[in-house]
$ cat coords29.pdb   # PDB, C-alpha atoms
ATOM      1  CA  MET A   1      -1.929 -13.076  16.693  1.00  0.00           C
ATOM      2  CA  SER A   2       1.102 -10.945  17.057  1.00  0.00           C
ATOM      3  CA  ASP A   3       1.338  -8.397  19.826  1.00  0.00           C
ATOM      4  CA  SER A   4       4.520  -6.795  18.562  1.00  0.00           C
ATOM      5  CA  GLN A   5       4.531  -3.177  19.594  1.00  0.00           C
ATOM      6  CA  LYS A   6       8.302  -3.150  19.453  1.00  0.00           C
ATOM      7  CA  ASN A   7       9.693  -1.199  16.517  1.00  0.00           C
ATOM      8  CA  PRO A   8       8.219   2.223  15.897  1.00  0.00           C
ATOM      9  CA  LYS A   9       9.783   2.340  12.435  1.00  0.00           C
ATOM     10  CA  VAL A  10       8.639  -0.518  10.279  1.00  0.00           C
ATOM     11  CA  LEU A  11      11.240  -0.170   7.589  1.00  0.00           C
ATOM     12  CA  SER A  12      14.442   1.732   7.827  1.00  0.00           C
ATOM     13  CA  ASP A  13      14.765   5.112   6.139  1.00  0.00           C
ATOM     14  CA  LYS A  14      17.499   3.780   3.908  1.00  0.00           C
ATOM     15  CA  ILE A  15      15.355   1.040   2.425  1.00  0.00           C
ATOM     16  CA  ILE A  16      12.501   3.427   1.702  1.00  0.00           C
ATOM     17  CA  ASP A  17      14.889   5.998   0.208  1.00  0.00           C
ATOM     18  CA  LEU A  18      16.383   3.327  -1.967  1.00  0.00           C
ATOM     19  CA  LEU A  19      12.954   2.155  -3.073  1.00  0.00           C
ATOM     20  CA  VAL A  20      11.854   5.653  -4.023  1.00  0.00           C
ATOM     21  CA  SER A  21      15.067   6.625  -5.802  1.00  0.00           C
ATOM     22  CA  ASN A  22      15.275   3.286  -7.572  1.00  0.00           C
ATOM     23  CA  THR A  23      11.722   3.659  -8.838  1.00  0.00           C
ATOM     24  CA  PHE A  24      12.412   7.208 -10.030  1.00  0.00           C
ATOM     25  CA  GLN A  25      15.581   6.086 -11.755  1.00  0.00           C
ATOM     26  CA  LYS A  26      13.993   3.059 -13.333  1.00  0.00           C
ATOM     27  CA  ASN A  27      11.284   5.184 -14.883  1.00  0.00           C
ATOM     28  CA  GLY A  28      13.608   7.987 -15.920  1.00  0.00           C
ATOM     29  CA  VAL A  29      12.074  10.639 -13.670  1.00  0.00           C
ATOM     30  CA  ASN A  30      13.964  13.892 -13.325  1.00  0.00           C
ATOM     31  CA  VAL A  31      13.566  14.853  -9.675  1.00  0.00           C
ATOM     32  CA  GLU A  32      14.965  18.343 -10.175  1.00  0.00           C
ATOM     33  CA  LYS A  33      12.432  19.021 -12.912  1.00  0.00           C
ATOM     34  CA  ALA A  34       9.651  17.632 -10.768  1.00  0.00           C
ATOM     35  CA  LYS A  35      10.692  19.923  -7.913  1.00  0.00           C
ATOM     36  CA  GLN A  36      10.350  22.987 -10.133  1.00  0.00           C
ATOM     37  CA  LYS A  37       6.812  22.013 -11.067  1.00  0.00           C
ATOM     38  CA  LEU A  38       5.668  22.524  -7.487  1.00  0.00           C
ATOM     39  CA  SER A  39       4.475  25.981  -6.538  1.00  0.00           C
ATOM     40  CA  ASP A  40       4.996  27.231  -2.988  1.00  0.00           C
ATOM     41  CA  GLU A  41       1.282  26.964  -2.383  1.00  0.00           C
ATOM     42  CA  GLN A  42       1.247  23.343  -3.493  1.00  0.00           C
ATOM     43  CA  LYS A  43       4.246  22.615  -1.339  1.00  0.00           C
ATOM     44  CA  GLN A  44       2.481  24.033   1.679  1.00  0.00           C
ATOM     45  CA  MET A  45      -0.648  21.998   0.901  1.00  0.00           C
ATOM     46  CA  LEU A  46       1.365  18.816   0.554  1.00  0.00           C
ATOM     47  CA  LYS A  47       3.179  19.600   3.752  1.00  0.00           C
ATOM     48  CA  ASP A  48      -0.099  20.018   5.605  1.00  0.00           C
ATOM     49  CA  LEU A  49      -1.421  16.814   4.078  1.00  0.00           C
ATOM     50  CA  VAL A  50       1.606  14.796   5.127  1.00  0.00           C
ATOM     51  CA  THR A  51       1.610  16.302   8.627  1.00  0.00           C
ATOM     52  CA  ASP A  52      -2.071  15.498   8.956  1.00  0.00           C
ATOM     53  CA  LEU A  53      -1.639  11.897   7.804  1.00  0.00           C
ATOM     54  CA  THR A  54       1.401  11.446  10.024  1.00  0.00           C
ATOM     55  CA  SER A  55      -0.531  12.513  13.096  1.00  0.00           C
ATOM     56  CA  GLN A  56      -3.449  10.263  12.109  1.00  0.00           C
ATOM     57  CA  VAL A  57      -1.192   7.249  11.692  1.00  0.00           C
ATOM     58  CA  ASN A  58       0.673   8.015  14.910  1.00  0.00           C
ATOM     59  CA  SER A  59      -2.489   8.337  16.917  1.00  0.00           C
ATOM     60  CA  PHE A  60      -3.853   5.151  15.384  1.00  0.00           C
ATOM     61  CA  VAL A  61      -0.694   3.172  16.098  1.00  0.00           C
ATOM     62  CA  LYS A  62       0.198   4.613  19.488  1.00  0.00           C
ATOM     63  CA  GLU A  63      -3.058   5.525  21.171  1.00  0.00           C
ATOM     64  CA  GLN A  64      -4.536   2.090  20.808  1.00  0.00           C
ATOM     65  CA  PRO A  65      -2.425   0.414  23.527  1.00  0.00           C
ATOM     66  CA  SER A  66      -2.716   3.355  25.867  1.00  0.00           C
ATOM     67  CA  GLN A  67      -6.485   3.046  25.918  1.00  0.00           C
ATOM     68  CA  GLN A  68      -6.338  -0.076  28.001  1.00  0.00           C
ATOM     69  CA  LYS A  69      -5.016   1.882  30.957  1.00  0.00           C
ATOM     70  CA  LYS A  70      -8.044   4.053  31.269  1.00  0.00           C
ATOM     71  CA  PRO A  71     -10.027   3.297  34.409  1.00  0.00           C
ATOM     72  CA  LYS A  72     -13.458   1.809  34.139  1.00  0.00           C
TER      73      LYS A  72
ATOM     74  CA  MET B   1       6.291 -13.386 -18.123  1.00  0.00           C
ATOM     75  CA  ALA B   2       5.800 -13.677 -21.863  1.00  0.00           C
ATOM     76  CA  LYS B   3       3.051 -16.232 -21.994  1.00  0.00           C
ATOM     77  CA  TYR B   4       2.365 -16.035 -25.664  1.00  0.00           C
ATOM     78  CA  SER B   5       5.120 -16.210 -28.184  1.00  0.00           C
ATOM     79  CA  ASP B   6       4.966 -14.787 -31.693  1.00  0.00           C
ATOM     80  CA  GLU B   7       4.839 -18.199 -33.248  1.00  0.00           C
ATOM     81  CA  HIS B   8       1.754 -18.979 -31.274  1.00  0.00           C
ATOM     82  CA  LYS B   9      -0.979 -18.455 -33.856  1.00  0.00           C
ATOM     83  CA  HIS B  10      -4.582 -19.424 -33.385  1.00  0.00           C
ATOM     84  CA  LYS B  11      -5.914 -21.320 -36.352  1.00  0.00           C
ATOM     85  CA  CYS B  12      -9.277 -21.907 -34.757  1.00  0.00           C
ATOM     86  CA  GLN B  13     -11.952 -19.352 -35.704  1.00  0.00           C
ATOM     87  CA  CYS B  14     -14.252 -19.759 -32.720  1.00  0.00           C
ATOM     88  CA  LYS B  15     -15.149 -16.685 -30.676  1.00  0.00           C
ATOM     89  CA  LYS B  16     -13.098 -17.744 -27.683  1.00  0.00           C
ATOM     90  CA  CYS B  17      -9.914 -18.099 -29.725  1.00  0.00           C
ATOM     91  CA  GLU B  18     -10.569 -14.872 -31.607  1.00  0.00           C
ATOM     92  CA  ARG B  19     -10.867 -12.987 -28.350  1.00  0.00           C
ATOM     93  CA  LYS B  20      -7.693 -14.603 -27.131  1.00  0.00           C
ATOM     94  CA  SER B  21      -5.682 -13.627 -30.186  1.00  0.00           C
ATOM     95  CA  ARG B  22      -6.982 -10.058 -29.929  1.00  0.00           C
ATOM     96  CA  GLN B  23      -5.769 -10.047 -26.339  1.00  0.00           C
ATOM     97  CA  ASP B  24      -2.381 -11.267 -27.553  1.00  0.00           C
ATOM     98  CA  VAL B  25      -2.119  -8.304 -29.918  1.00  0.00           C
ATOM     99  CA  GLN B  26      -3.038  -5.902 -27.118  1.00  0.00           C
ATOM    100  CA  ASP B  27      -0.463  -7.457 -24.815  1.00  0.00           C
ATOM    101  CA  ALA B  28       2.213  -7.100 -27.464  1.00  0.00           C
ATOM    102  CA  GLU B  29       1.327  -3.432 -27.981  1.00  0.00           C
ATOM    103  CA  GLU B  30       1.449  -2.752 -24.258  1.00  0.00           C
ATOM    104  CA  MET B  31       4.835  -4.398 -24.089  1.00  0.00           C
ATOM    105  CA  ARG B  32       6.137  -2.235 -26.912  1.00  0.00           C
ATOM    106  CA  VAL B  33       4.895   0.920 -25.167  1.00  0.00           C
ATOM    107  CA  LEU B  34       6.539  -0.170 -21.936  1.00  0.00           C
ATOM    108  CA  GLU B  35       9.783  -0.845 -23.752  1.00  0.00           C
ATOM    109  CA  ASP B  36       9.729   2.629 -25.288  1.00  0.00           C
ATOM    110  CA  MET B  37       9.205   4.191 -21.877  1.00  0.00           C
ATOM    111  CA  ARG B  38      12.034   2.356 -20.207  1.00  0.00           C
ATOM    112  CA  ASP B  39      14.606   2.379 -22.910  1.00  0.00           C
ATOM    113  CA  ASP B  40      17.421   1.589 -20.508  1.00  0.00           C
ATOM    114  CA  ALA B  41      15.697  -1.359 -18.914  1.00  0.00           C
ATOM    115  CA  GLU B  42      17.589  -4.565 -19.338  1.00  0.00           C
ATOM    116  CA  VAL B  43      15.020  -6.892 -17.910  1.00  0.00           C
ATOM    117  CA  LEU B  44      11.454  -6.224 -18.912  1.00  0.00           C
ATOM    118  CA  GLN B  45       8.818  -7.941 -16.866  1.00  0.00           C
ATOM    119  CA  PRO B  46       5.357  -6.658 -17.612  1.00  0.00           C
ATOM    120  CA  GLY B  47       2.341  -7.730 -15.704  1.00  0.00           C
ATOM    121  CA  THR B  48       2.046  -8.361 -12.016  1.00  0.00           C
ATOM    122  CA  GLN B  49       5.227  -8.541 -10.047  1.00  0.00           C
ATOM    123  CA  ALA B  50       3.636  -8.345  -6.649  1.00  0.00           C
ATOM    124  CA  SER B  51       3.464 -11.236  -4.301  1.00  0.00           C
ATOM    125  CA  ILE B  52       0.081 -10.821  -2.740  1.00  0.00           C
ATOM    126  CA  ILE B  53      -0.353 -11.775   0.849  1.00  0.00           C
ATOM    127  CA  ASP B  54      -3.995 -12.033   1.685  1.00  0.00           C
ATOM    128  CA  GLN B  55      -5.098 -12.722   5.198  1.00  0.00           C
ATOM    129  CA  GLU B  56      -8.705 -12.556   6.231  1.00  0.00           C
ATOM    130  CA  SER B  57      -9.930 -10.923   9.373  1.00  0.00           C
ATOM    131  CA  ASP B  58     -12.198 -12.741  11.731  1.00  0.00           C
ATOM    132  CA  GLU B  59     -13.165 -11.602  15.174  1.00  0.00           C
ATOM    133  CA  LEU B  60     -15.374 -13.270  17.719  1.00  0.00           C
ATOM    134  CA  VAL B  61     -16.001 -12.068  21.255  1.00  0.00           C
ATOM    135  CA  TRP B  62     -17.956 -14.389  23.487  1.00  0.00           C
ATOM    136  CA  ILE B  63     -18.891 -13.282  26.989  1.00  0.00           C
ATOM    137  CA  LYS B  64     -20.900 -15.618  29.147  1.00  0.00           C
ATOM    138  CA  ASP B  65     -21.971 -15.650  32.813  1.00  0.00           C
ATOM    139  CA  SER B  66     -19.699 -12.726  33.606  1.00  0.00           C
ATOM    140  CA  CYS B  67     -19.802  -9.195  34.898  1.00  0.00           C
ATOM    141  CA  ASN B  68     -17.719  -6.047  34.611  1.00  0.00           C
ATOM    142  CA  ILE B  69     -16.030  -7.000  31.376  1.00  0.00           C
ATOM    143  CA  ASP B  70     -14.241  -4.404  29.276  1.00  0.00           C
ATOM    144  CA  VAL B  71     -13.332  -5.414  25.741  1.00  0.00           C
ATOM    145  CA  GLN B  72     -11.689  -3.001  23.351  1.00  0.00           C
ATOM    146  CA  SER B  73     -10.771  -3.979  19.847  1.00  0.00           C
ATOM    147  CA  THR B  74      -9.234  -1.864  17.130  1.00  0.00           C
ATOM    148  CA  ASP B  75     -11.505  -0.381  14.548  1.00  0.00           C
ATOM    149  CA  THR B  76     -10.272  -2.102  11.424  1.00  0.00           C
ATOM    150  CA  GLN B  77     -12.408   0.116   9.224  1.00  0.00           C
ATOM    151  CA  ALA B  78     -10.511   3.185  10.403  1.00  0.00           C
ATOM    152  CA  ALA B  79      -7.254   1.468   9.563  1.00  0.00           C
ATOM    153  CA  VAL B  80      -8.430   0.601   6.074  1.00  0.00           C
ATOM    154  CA  SER B  81      -9.629   4.140   5.349  1.00  0.00           C
ATOM    155  CA  LEU B  82      -6.348   5.501   6.661  1.00  0.00           C
ATOM    156  CA  GLN B  83      -4.554   3.154   4.292  1.00  0.00           C
ATOM    157  CA  VAL B  84      -6.642   4.348   1.355  1.00  0.00           C
ATOM    158  CA  GLY B  85      -5.929   7.956   2.367  1.00  0.00           C
ATOM    159  CA  LEU B  86      -2.208   7.285   2.364  1.00  0.00           C
ATOM    160  CA  GLN B  87      -2.314   5.577  -1.015  1.00  0.00           C
ATOM    161  CA  LEU B  88      -4.288   8.501  -2.417  1.00  0.00           C
ATOM    162  CA  ALA B  89      -1.750  10.955  -1.004  1.00  0.00           C
ATOM    163  CA  ILE B  90       1.115   9.051  -2.645  1.00  0.00           C
ATOM    164  CA  ALA B  91      -0.717   9.032  -5.964  1.00  0.00           C
ATOM    165  CA  LEU B  92      -1.491  12.740  -5.542  1.00  0.00           C
ATOM    166  CA  VAL B  93       2.097  13.717  -4.855  1.00  0.00           C
ATOM    167  CA  ILE B  94       3.228  11.795  -7.908  1.00  0.00           C
ATOM    168  CA  SER B  95       0.548  13.203 -10.182  1.00  0.00           C
ATOM    169  CA  ILE B  96       1.244  16.797  -9.093  1.00  0.00           C
ATOM    170  CA  THR B  97       4.997  16.579  -9.445  1.00  0.00           C
ATOM    171  CA  ILE B  98       5.469  14.299 -12.411  1.00  0.00           C
ATOM    172  CA  GLY B  99       2.179  15.014 -14.088  1.00  0.00           C
ATOM    173  CA  ASP B 100      -0.626  12.603 -14.785  1.00  0.00           C
ATOM    174  CA  SER B 101       1.243  11.131 -17.710  1.00  0.00           C
ATOM    175  CA  ASP B 102       1.916   7.489 -18.418  1.00  0.00           C
ATOM    176  CA  GLU B 103       5.249   8.000 -16.742  1.00  0.00           C
ATOM    177  CA  GLY B 104       3.621   9.199 -13.541  1.00  0.00           C
ATOM    178  CA  GLN B 105       1.255   6.273 -13.515  1.00  0.00           C
ATOM    179  CA  THR B 106       4.074   3.812 -13.919  1.00  0.00           C
ATOM    180  CA  VAL B 107       5.834   5.254 -10.916  1.00  0.00           C
ATOM    181  CA  ALA B 108       2.694   5.157  -8.845  1.00  0.00           C
ATOM    182  CA  GLN B 109       2.018   1.587  -9.746  1.00  0.00           C
ATOM    183  CA  ASP B 110       5.573   0.543  -9.085  1.00  0.00           C
ATOM    184  CA  LEU B 111       5.582   2.012  -5.613  1.00  0.00           C
ATOM    185  CA  PHE B 112       2.421   0.187  -4.714  1.00  0.00           C
ATOM    186  CA  GLN B 113       3.665  -3.054  -6.115  1.00  0.00           C
ATOM    187  CA  TYR B 114       6.075  -3.357  -3.252  1.00  0.00           C
ATOM    188  CA  LEU B 115       3.373  -2.761  -0.700  1.00  0.00           C
ATOM    189  CA  ASP B 116       0.512  -4.801  -1.951  1.00  0.00           C
ATOM    190  CA  ALA B 117      -0.139  -6.823   1.145  1.00  0.00           C
ATOM    191  CA  ASP B 118      -3.473  -7.290   2.816  1.00  0.00           C
ATOM    192  CA  GLN B 119      -2.915  -8.323   6.356  1.00  0.00           C
ATOM    193  CA  THR B 120      -5.645  -8.762   8.886  1.00  0.00           C
ATOM    194  CA  ASN B 121      -6.131 -10.816  11.971  1.00  0.00           C
ATOM    195  CA  LYS B 122      -8.112 -13.703  13.232  1.00  0.00           C
ATOM    196  CA  GLN B 123      -9.020 -13.529  16.872  1.00  0.00           C
ATOM    197  CA  ARG B 124     -11.398 -15.233  19.219  1.00  0.00           C
ATOM    198  CA  ILE B 125     -12.033 -14.021  22.758  1.00  0.00           C
ATOM    199  CA  LEU B 126     -13.937 -16.235  25.158  1.00  0.00           C
ATOM    200  CA  ILE B 127     -14.807 -14.954  28.601  1.00  0.00           C
ATOM    201  CA  ASP B 128     -16.772 -17.315  30.742  1.00  0.00           C
ATOM    202  CA  ASN B 129     -17.725 -17.127  34.405  1.00  0.00           C
ATOM    203  CA  SER B 130     -15.455 -14.158  35.126  1.00  0.00           C
ATOM    204  CA  LYS B 131     -15.461 -10.782  36.771  1.00  0.00           C
ATOM    205  CA  ASP B 132     -13.431  -7.587  36.216  1.00  0.00           C
ATOM    206  CA  VAL B 133     -11.697  -8.551  33.002  1.00  0.00           C
ATOM    207  CA  THR B 134     -10.152  -6.069  30.618  1.00  0.00           C
ATOM    208  CA  VAL B 135      -9.166  -7.149  27.123  1.00  0.00           C
ATOM    209  CA  THR B 136      -7.557  -4.926  24.540  1.00  0.00           C
ATOM    210  CA  THR B 137      -6.724  -6.034  21.032  1.00  0.00           C
ATOM    211  CA  THR B 138      -4.892  -4.160  18.324  1.00  0.00           C
ATOM    212  CA  ASP B 139      -4.743  -4.928  14.657  1.00  0.00           C
ATOM    213  CA  THR B 140      -0.970  -4.668  14.555  1.00  0.00           C
ATOM    214  CA  ASP B 141      -0.489  -6.077  11.087  1.00  0.00           C
ATOM    215  CA  LEU B 142      -2.592  -3.355   9.557  1.00  0.00           C
ATOM    216  CA  SER B 143      -0.809  -0.676  11.556  1.00  0.00           C
ATOM    217  CA  VAL B 144       2.489  -1.973  10.220  1.00  0.00           C
ATOM    218  CA  ASN B 145       1.172  -1.680   6.684  1.00  0.00           C
ATOM    219  CA  ILE B 146      -0.030   1.862   7.362  1.00  0.00           C
ATOM    220  CA  GLN B 147       3.288   2.868   8.882  1.00  0.00           C
ATOM    221  CA  ALA B 148       5.141   1.518   5.860  1.00  0.00           C
ATOM    222  CA  LEU B 149       2.914   3.504   3.510  1.00  0.00           C
ATOM    223  CA  LEU B 150       3.456   6.639   5.550  1.00  0.00           C
ATOM    224  CA  GLU B 151       7.198   6.143   5.420  1.00  0.00           C
ATOM    225  CA  VAL B 152       7.070   5.891   1.638  1.00  0.00           C
ATOM    226  CA  LEU B 153       4.981   9.053   1.439  1.00  0.00           C
ATOM    227  CA  VAL B 154       7.347  10.962   3.707  1.00  0.00           C
ATOM    228  CA  ALA B 155      10.390   9.757   1.761  1.00  0.00           C
ATOM    229  CA  LEU B 156       8.713  10.870  -1.445  1.00  0.00           C
ATOM    230  CA  VAL B 157       7.968  14.398  -0.264  1.00  0.00           C
ATOM    231  CA  VAL B 158      11.386  14.756   1.339  1.00  0.00           C
ATOM    232  CA  ARG B 159      12.958  13.888  -1.981  1.00  0.00           C
ATOM    233  CA  LEU B 160      10.810  16.545  -3.626  1.00  0.00           C
ATOM    234  CA  ASP B 161      11.911  19.161  -1.078  1.00  0.00           C
ATOM    235  CA  VAL B 162       8.438  19.612   0.358  1.00  0.00           C
ATOM    236  CA  LEU B 163       9.371  18.759   3.919  1.00  0.00           C
TER     237      LEU B 163
END

$ encode --input "coords29.pdb" --output "structure tokens"
Amino acid sequence: MSDSQKNPKVLSDKIIDLLVSNTFQKNGVNVEKAKQKLSDEQKQMLKDLVTDLTSQVNSFVKEQPSQQKKPK
Amino acid sequence: MAKYSDEHKHKCQCKKCERKSRQDVQDAEEMRVLEDMRDDAEVLQPGTQASIIDQESDELVWIKDSCNIDVQSTDTQAAVSLQVGLQLAIALVISITIGDSDEGQTVAQDLFQYLDADQTNKQRILIDNSKDVTVTTTDTDLSVNIQALLEVLVALVVRLDVL
């Protein structure tokens, strides 16, 4: 079993960016058009959603090792 | 992976072969639709592209003749539901921005194809005749998967000017 707590970022930003843009390009998605489809309200909702999920993932990944230090 | 070629005709009339040839026709239609959608694609490879890594999870904690033992193991269920939440969020972002069209579904599927890996752990903890032991285990593989999904989601919304 691996105990690698080393790299906080699993994949580099560049690889992910490339993956996303490549997939958009491959399927002929117009990002500018997609941007216009989003209303400000939707943007805010998505922003909240992503912030929420980010904090959930961070607490899941980071708080687990710190628990072991709590005194019995 | 074109399994069935056009020349491959079923002469047999049994139900099994009939079903198979109907499936062939469906496959061909799907391929044509895919080709229409990606008119600039040079290599068309329908079907599953993912390499699926499947690792089972197995955990056993055995404590015998001991006292004051503290064992903490990661809640795998929480990790799995977090993963499902992330996948749903990715699908949601795509369906809102691109629309729930065939195009949107292709993008969603493609993004997941790269991430289709089930990784879990196998661990056995044996504590025998001991005192004051603290053991903490973390399901790191799953966390890695979750982090990767989150990174894709963040990259997606950044590209769409949400963040």

$ residues_around --input "coords29.pdb" --residues "stretch 78-89 of chain B" --least-positions-apart "5" --cutoff "8 Å" --atoms "all atoms listed in the file" --output "VMD selection string"
(chain A and resid 49 to 50 53 56 to 57 60) or (chain B and resid 142 to 143 145 to 146 149 to 150 153)

$ write_last_selection --input "coords29.pdb" --atoms "C-alpha atoms" --output "mmCIF file, in the frame of the given file"
data_model
loop_
_atom_site.group_PDB
_atom_site.id
_atom_site.type_symbol
_atom_site.label_atom_id
_atom_site.label_comp_id
_atom_site.auth_asym_id
_atom_site.auth_seq_id
_atom_site.Cartn_x
_atom_site.Cartn_y
_atom_site.Cartn_z
ATOM 1 C CA LEU A 49 -1.421 16.814 4.078
ATOM 2 C CA VAL A 50 1.606 14.796 5.127
ATOM 3 C CA LEU A 53 -1.639 11.897 7.804
ATOM 4 C CA GLN A 56 -3.449 10.263 12.109
ATOM 5 C CA VAL A 57 -1.192 7.249 11.692
ATOM 6 C CA PHE A 60 -3.853 5.151 15.384
ATOM 7 C CA LEU B 142 -2.592 -3.355 9.557
ATOM 8 C CA SER B 143 -0.809 -0.676 11.556
ATOM 9 C CA ASN B 145 1.172 -1.680 6.684
ATOM 10 C CA ILE B 146 -0.030 1.862 7.362
ATOM 11 C CA LEU B 149 2.914 3.504 3.510
ATOM 12 C CA LEU B 150 3.456 6.639 5.550
ATOM 13 C CA LEU B 153 4.981 9.053 1.439
#

$ resolve_selection --input "coords29.pdb" --expression "the PyMOL selection byres ((chain B and resi 133) around 7)" --output "PDB file with C-alpha atoms, keeping the file's coordinate frame"
ATOM      1  CA  ASN B  68     -17.719  -6.047  34.611  1.00  0.00           C
ATOM      2  CA  ILE B  69     -16.030  -7.000  31.376  1.00  0.00           C
ATOM      3  CA  ASP B  70     -14.241  -4.404  29.276  1.00  0.00           C
ATOM      4  CA  LYS B 131     -15.461 -10.782  36.771  1.00  0.00           C
ATOM      5  CA  ASP B 132     -13.431  -7.587  36.216  1.00  0.00           C
ATOM      6  CA  THR B 134     -10.152  -6.069  30.618  1.00  0.00           C
ATOM      7  CA  VAL B 135      -9.166  -7.149  27.123  1.00  0.00           C
TER       8      VAL B 135
END

$ atom_distance --input "coords29.pdb" --atom1 "atom CA of B:Cys14" --atom2 "atom CA of B:Met31"
26.0 Å

$ resolve_selection --input "coords29.pdb" --expression "the PyMOL selection byres ((chain A and resi 27-36) around 6)" --output "PyMOL selection string"
(chain A and resi 24-26+37-38) or (chain B and resi 97-98+160)

$ atom_distance --input "coords29.pdb" --atom1 "atom CA of B:Val61" --atom2 "atom CA of B:Lys122"
11.4 Å

$ atom_distance --input "coords29.pdb" --atom1 "atom CA of B:Cys67" --atom2 "atom CA of B:Thr137"
19.3 Å

$ closest_residue --input "coords29.pdb" --among "A:Asn22, A:Asp17, A:Thr51, A:Ser59" --to "chain B" --atoms "all atoms listed in the file"
A:Asp17

$ residues_around --input "coords29.pdb" --residues "A:Val20" --least-positions-apart "2" --cutoff "8 Å" --atoms "only C-alpha atoms" --output "PyMOL selection string"
(chain A and resi 16-18+22-24) or (chain B and resi 111+152+155-156)

$ axis_aligned_box --input "coords29.pdb" --around "stretch 18-32 of chain B" --padding-each-side "8 Å" --output "JSON"
{"center_x": -2.4, "center_y": -8.6, "center_z": -27.8, "size_x": 33.0, "size_y": 28.6, "size_z": 23.5}

$ closest_residue --input "coords29.pdb" --among "B:Val25, B:Val162, B:Ile127, B:Leu92" --to "chain A" --atoms "all atoms listed in the file"
B:Val162

$ closest_residue --input "coords29.pdb" --among "B:Asp65, B:Asp128, B:Asp58, B:Glu29" --to "chain A" --atoms "all atoms listed in the file"
B:Asp58

$ decode --input "coords29.pdb" --residues "stretch 57-68 of chain B" --atoms "N, CA, C and O atoms" --output "short mmCIF file (atom, residue, chain, number, x, y, z; two decimals), in the first residue's frame"
data_model
loop_
_atom_site.label_atom_id
_atom_site.label_comp_id
_atom_site.auth_asym_id
_atom_site.auth_seq_id
_atom_site.Cartn_x
_atom_site.Cartn_y
_atom_site.Cartn_z
N SER B 57 -10.88 -3.41 -3.09
CA SER B 57 -10.51 -2.95 -1.75
C SER B 57 -10.82 -4.03 -0.72
O SER B 57 -11.88 -4.65 -0.75
N ASP B 58 -9.88 -4.23 0.15
CA ASP B 58 -10.06 -5.27 1.15
C ASP B 58 -9.37 -4.82 2.42
O ASP B 58 -8.18 -4.52 2.44
N GLU B 59 -10.11 -4.75 3.49
CA GLU B 59 -9.51 -4.24 4.72
C GLU B 59 -9.82 -5.19 5.87
O GLU B 59 -10.97 -5.59 6.07
N LEU B 60 -8.79 -5.52 6.60
CA LEU B 60 -8.99 -6.38 7.77
C LEU B 60 -8.20 -5.82 8.95
O LEU B 60 -7.01 -5.54 8.84
N VAL B 61 -8.86 -5.61 10.04
CA VAL B 61 -8.18 -5.13 11.25
C VAL B 61 -8.37 -6.18 12.33
O VAL B 61 -9.51 -6.53 12.66
N TRP B 62 -7.29 -6.67 12.83
CA TRP B 62 -7.33 -7.75 13.82
C TRP B 62 -6.61 -7.28 15.08
O TRP B 62 -5.42 -7.01 15.05
N ILE B 63 -7.34 -7.17 16.16
CA ILE B 63 -6.72 -6.73 17.42
C ILE B 63 -6.94 -7.83 18.44
O ILE B 63 -8.08 -8.26 18.68
N LYS B 64 -5.86 -8.27 19.04
CA LYS B 64 -5.94 -9.41 19.94
C LYS B 64 -5.06 -9.18 21.16
O LYS B 64 -3.92 -8.68 21.04
N ASP B 65 -5.54 -9.53 22.33
CA ASP B 65 -4.79 -9.42 23.59
C ASP B 65 -4.10 -8.07 23.73
O ASP B 65 -2.90 -8.02 24.05
N SER B 66 -4.79 -7.00 23.49
CA SER B 66 -4.14 -5.69 23.50
C SER B 66 -5.03 -4.69 24.24
O SER B 66 -6.22 -4.94 24.47
N CYS B 67 -4.43 -3.56 24.56
CA CYS B 67 -5.22 -2.49 25.15
C CYS B 67 -4.75 -1.12 24.66
O CYS B 67 -3.60 -0.98 24.23
N ASN B 68 -5.67 -0.16 24.71
CA ASN B 68 -5.37 1.19 24.28
C ASN B 68 -4.92 1.27 22.82
O ASN B 68 -3.86 1.81 22.50
#
